[in-house]
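> Dropping a structure here in structure tokens format, bear with me for questions.
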Amino acid sequence: MSAQFARGLKCRLCGKTYPKEPLNFCTEDFGPLEVDYDYPAIAKALTREKLAARPDTMWRFRELLPIDGEPTVGAHVGGTPLLRADRLAKELGVKDLWIKNDAVNFPTLSFKDRVVSVALSKAREFGFKTVGCASTGNLANSVAANAAAAGLQSYILIPADLERAKVLGTSIFGARLVGVRGTYDQVNRLCTQIAFKYGWGFVNINLRPFYAEGSKSMGFEIAEQLGWRVPKHVVVPMAGGSLIGKIQKAFDELYKVGLFSRDPKGSVKIHGAQPTGCSPISTAVKNGWETHKPVRKPNTIAKSLAIGDPADGYFACKVIRDSGGWAEDVSDAEIADAMALLGRTEGVFAETAGGVTLAVARKLIEQGRIARDEEIVLCITGNGLKTQDAVAELLEPPAVINPSLEEFEPLVEGAGELQKTLDGHIGKETCGSSSPISSVS
């Protein structure tokens with residue numbers, strides 16, 4: 001039971017406290033609210049041995065998550081693998097590389113299942129019967145699926161030009177899906193009006209303080225999977241800017257409750273990744289600004305990151321600066337190239353946000369901001385099956401032959417030369433045409 005550990009809410013700017021309620025802003029200065037925990041009590045209740053005895057899901061860390069008791073939504077979320085990426089490391093010229101792979105998270109193949117399971121468990125505690133969200137895709141999928149499993153009605157609003165796979169991946173769960181002609185920021189403003197007019201529980205509006213805490217579980221798992229330590233570098237995709245801050249918060253909390261033997265501050269550099277077509281946070285970091293300037297018309301294939309006015313932009317900039325990290329952005333061509341590189345080296349099909357993360361990591365390595373002999377974790381947050389169009393033109397169609405050994409043999413004989421061509425294309429913006437899978441299939 002965790003009811004005794006989440007004491008209430010606290011303003012991130014002025015520190016004013018509030019009870020646990022569906023509220024996301026301070027009534028004094030409109031600062032964002034976050035959950036306030038009793039860390040000394042958690043330290044007495046939580047040990048590494050107790051965690052190891054629990055099921056391998058995000059809820060093994062339930063004392064550090066803001067629900068009152070056991071989860072009622074998403075009990076099987078989390079526990080995704082941390083993959084040692086030796087083949088990719090060789091391609092990037094680095095020594096020690098890991099992939100935190102939330103592309104296989106349950107049930108909708110993205111890290112958003114973490115935040116939604118917390119938000120909807122909390123929604124049920126508050127007595128909401130109808131829930132919803134504003135979404136660039138992955139959140140829509142997750143709210144729809146988890147609401148259906150929990151017997152909640154859901155209203156989900158998305159930009160009207162969202163990827164078809166993500167639209168289908170929401171509609172299949174019976175959600176009331178509404179496409180809005182406009183940017184994500186316009187969709188989000190409309191959802192704020194809807195949430196307060198109808199009294200519904202919108203996960204990234206009035207339930208946001210609880211929802212955002214679910215992201216910490218990704219950081220908790222990275223630390224545990226590395227043997228209760230932090231890596232030297234973590235590269236995180238940024239949309240609203242919340243995930244990067246919650247991963248840092250996760251590391252800090254593990255120290256506060258005694259699960260780390262040493263303070264992680266100064267030990268881990270946290271880097272942010274954005275697409276060039278929507279890069280308000282990385283632009284702010286590179287220009288030395290305290291906070292971001294909104295992007296009015298995002299233009300990128302990485303639609304899941306296309307939030308022009310990120311709610312946590314100021315805090316994301318601060319996390320990056322305070323950790324000694326950096327932020328970068330990459331073109332659509334670099335994004336697609338990185339998706340293909342990740343697929344052919346590690347067998348991981350990441351969505352466009354994963355392409356952003358890898359492409360930015362490669363750029364930071366080349367810039368010398370990430371040393372080649374230091375440990376790196378890349379956060380892959382969604383599955384490439386949702387954004388297939390981004391790489392479709394990079395990949396050759398399969399060879400088509402008659403059922404004849406004579407027609408197959410030339411494909412095998414040419415495979416060696418094709419592999420040499422592939423090796424020569426690594427790192428270039430168009431390399432999918434030499435994919436070993438498509439060339440010999």
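Letters A, B, ... go to the chains of the structure tokens in the order shown; residues in each chain start at 1; ligands are counted from 1 in the same order.
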Which parts of segment 40-267 of chain A does DSSP call helix (DSSP H, G or I) when run on the backbone here, written out as an MDAnalysis selection string?

chainID A and resid 40:45 48:52 58:64 86:92 102:104 112:126 138:150 164:171 184:198 208:213 216:225 242:256

> Could you write those residues out with C-alpha atoms, as a compact mmCIF listing (two decimals), in the first residue's frame?


# COMPACT_ATOMS: atom_id res chain seq x y z
CA PRO A 40 11.93 9.14 5.02
CA ALA A 41 8.90 6.85 5.37
CA ILE A 42 9.58 5.32 1.93
CA ALA A 43 13.22 4.71 2.89
CA LYS A 44 12.06 2.65 5.88
CA ALA A 45 9.58 0.65 3.82
CA ARG A 48 16.37 -3.78 -2.85
CA GLU A 49 15.42 -7.22 -1.52
CA LYS A 50 11.74 -6.30 -1.34
CA LEU A 51 11.83 -4.96 -4.90
CA ALA A 52 13.54 -8.08 -6.23
CA MET A 58 6.75 -0.67 -13.11
CA TRP A 59 4.57 -1.24 -10.04
CA ARG A 60 7.42 -2.87 -8.12
CA PHE A 61 8.26 0.78 -7.35
CA ARG A 62 4.73 1.60 -6.19
CA GLU A 63 5.85 3.39 -3.01
CA LEU A 64 7.35 6.05 -5.30
CA ASP A 86 27.21 -3.95 -29.08
CA ARG A 87 26.60 -3.97 -32.84
CA LEU A 88 25.21 -0.45 -32.80
CA ALA A 89 28.04 0.65 -30.49
CA LYS A 90 30.55 -0.57 -33.07
CA GLU A 91 28.83 1.41 -35.81
CA LEU A 92 28.88 4.56 -33.67
CA ASP A 102 9.89 0.76 -24.39
CA ALA A 103 8.94 -0.09 -27.97
CA VAL A 104 7.75 -3.39 -26.46
CA LYS A 112 2.99 6.25 -22.54
CA ASP A 113 1.55 3.08 -21.02
CA ARG A 114 3.53 3.98 -17.89
CA VAL A 115 1.99 7.41 -17.43
CA VAL A 116 -1.50 6.31 -18.41
CA SER A 117 -1.64 3.39 -15.99
CA VAL A 118 -0.86 5.82 -13.15
CA ALA A 119 -3.25 8.52 -14.38
CA LEU A 120 -6.19 6.16 -14.91
CA SER A 121 -5.62 4.34 -11.62
CA LYS A 122 -5.80 7.78 -10.02
CA ALA A 123 -8.86 8.69 -12.11
CA ARG A 124 -10.70 5.70 -10.67
CA GLU A 125 -9.69 6.73 -7.15
CA PHE A 126 -11.16 10.18 -7.81
CA ASN A 138 1.11 7.25 -28.52
CA LEU A 139 -0.86 8.73 -25.64
CA ALA A 140 -4.06 8.36 -27.67
CA ASN A 141 -3.34 4.65 -28.17
CA SER A 142 -2.61 4.10 -24.49
CA VAL A 143 -5.55 6.03 -23.04
CA ALA A 144 -7.93 4.27 -25.41
CA ALA A 145 -6.62 0.78 -24.62
CA ASN A 146 -6.28 1.20 -20.86
CA ALA A 147 -9.64 2.98 -20.55
CA ALA A 148 -11.31 0.15 -22.44
CA ALA A 149 -9.74 -2.44 -20.14
CA ALA A 150 -10.83 -0.43 -17.10
CA ARG A 164 -2.89 6.55 -39.95
CA ALA A 165 -1.47 3.68 -37.88
CA LYS A 166 -1.86 5.69 -34.68
CA VAL A 167 -5.41 6.68 -35.60
CA LEU A 168 -6.32 3.02 -36.16
CA GLY A 169 -4.46 2.04 -32.99
CA THR A 170 -6.79 4.32 -31.06
CA SER A 171 -10.08 3.65 -32.82
CA TYR A 184 -1.05 19.89 -30.90
CA ASP A 185 -0.95 23.07 -28.84
CA GLN A 186 -4.36 24.08 -30.21
CA VAL A 187 -5.68 20.60 -29.44
CA ASN A 188 -4.34 20.84 -25.90
CA ARG A 189 -6.00 24.20 -25.26
CA LEU A 190 -9.33 22.78 -26.42
CA CYS A 191 -8.91 19.77 -24.12
CA THR A 192 -8.32 22.10 -21.16
CA GLN A 193 -11.65 23.79 -21.88
CA ILE A 194 -13.41 20.42 -22.24
CA ALA A 195 -11.95 18.97 -19.04
CA PHE A 196 -13.16 21.86 -16.91
CA LYS A 197 -16.55 22.28 -18.64
CA TYR A 198 -17.55 18.62 -18.32
CA ARG A 208 -1.13 15.73 -15.13
CA PRO A 209 0.71 15.80 -11.74
CA PHE A 210 -0.11 12.11 -11.22
CA TYR A 211 0.26 11.13 -14.88
CA ALA A 212 3.75 12.60 -15.18
CA GLU A 213 5.03 10.53 -12.23
CA LYS A 216 9.90 7.97 -13.38
CA SER A 217 9.51 4.20 -13.65
CA MET A 218 11.63 4.23 -16.80
CA GLY A 219 14.48 5.75 -14.78
CA PHE A 220 13.93 3.38 -11.86
CA GLU A 221 14.21 0.40 -14.18
CA ILE A 222 17.35 1.68 -15.94
CA ALA A 223 19.08 2.06 -12.56
CA GLU A 224 18.03 -1.37 -11.30
CA GLN A 225 18.90 -3.08 -14.59
CA SER A 242 8.39 15.90 -18.95
CA LEU A 243 10.17 12.57 -19.50
CA ILE A 244 13.69 13.98 -19.31
CA GLY A 245 12.93 15.63 -15.96
CA LYS A 246 11.26 12.55 -14.53
CA ILE A 247 14.22 10.33 -15.38
CA GLN A 248 16.46 12.71 -13.44
CA LYS A 249 13.91 12.77 -10.60
CA ALA A 250 13.89 8.96 -10.56
CA PHE A 251 17.65 8.84 -10.04
CA ASP A 252 17.45 11.47 -7.30
CA GLU A 253 14.63 9.64 -5.50
CA LEU A 254 16.49 6.34 -5.49
CA TYR A 255 19.25 8.10 -3.58
CA LYS A 256 16.81 9.80 -1.20

> Would you pick out the contacts of Trp326 of chain A at 7 Å or less, using only C-alpha atoms, so that residues sharing its chain but fewer than 5 positions from it are not included, and give the list as number ranges by chain?

A: 271-272, 320

> From the options A:Gly214, A:Pro19, A:Gly384, A:Gly93, which residue's atoms come nearest to Pro71 of chain A, counting only C-alpha atoms?

A:Gly214

> Which residue gives the smallest distance to Ala361 of chain A among A:Ile172, A:Ser110, A:Ser261, A:Ile335, with only C-alpha atoms counted?

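Among the listed residues, the smallest separation from Ala361 of chain A belongs to A:Ile335.
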
> Lys269 of chain A: which residues within 9 Å, counting only C-alpha atoms, same-chain residues fewer than 6 positions away excluded, as a list in words?

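Those residues are Pro231, Lys232, His233, Val234, Val235, Ile320, Asp322, Ser323, Gly324, Gly325 and Trp326 of chain A.
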
> Between A:Ala239, A:Cys379, A:Ala350, A:Leu385, which has the minimum distance to Asp329 of chain A (counting only C-alpha atoms)?

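Nearest candidate to Asp329 of chain A out of A:Ala239, A:Cys379, A:Ala350, A:Leu385: A:Ala239.
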
> Pick out the closest residue to Pro264 of chain A from this set: A:Val230, A:Leu395, A:Ala311, A:Leu23. Count only C-alpha atoms.

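The shortest atom-to-atom distance to Pro264 of chain A comes from A:Val230.
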
> Need the shell around Thr183 of chain A: protein/DNA/RNA residues with any atom at most 12 Å away, counting only C-alpha atoms. Skip same-chain ones fewer than 2 positions apart. Format as a ChimeraX atom specification?

/A:134-136,157-162,179-181,185-190,278,294-299,303-309

> Counting only C-alpha atoms, figure out which residue out of A:Thr130, A:Gln367, A:Ser282, A:Asn101 gets nearest to Leu342 of chain A.

A:Asn101

> From segment 72-197 of chain A, collect each residue whose DSSP state is strand (DSSP E) and return the set as a ChimeraX atom specification.

/A:82-84,97-101,130-134,153-159,176-180

> Calculate how many Å separate atom CA of Met339 of chain A from atom CA of Gln274 of chain A, rounding to one decimal.

14.4 Å

> Calculate how many Å separate atom CA of Asn206 of chain A from atom CA of Cys11 of chain A, rounding to one decimal.

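Rounded to one decimal, the two atoms are 14.1 Å apart.
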
> Quote the spacing between atom CA of Lys20 of chain A and atom CA of Phe128 of chain A in Å to one decimal place.

14.4 Å
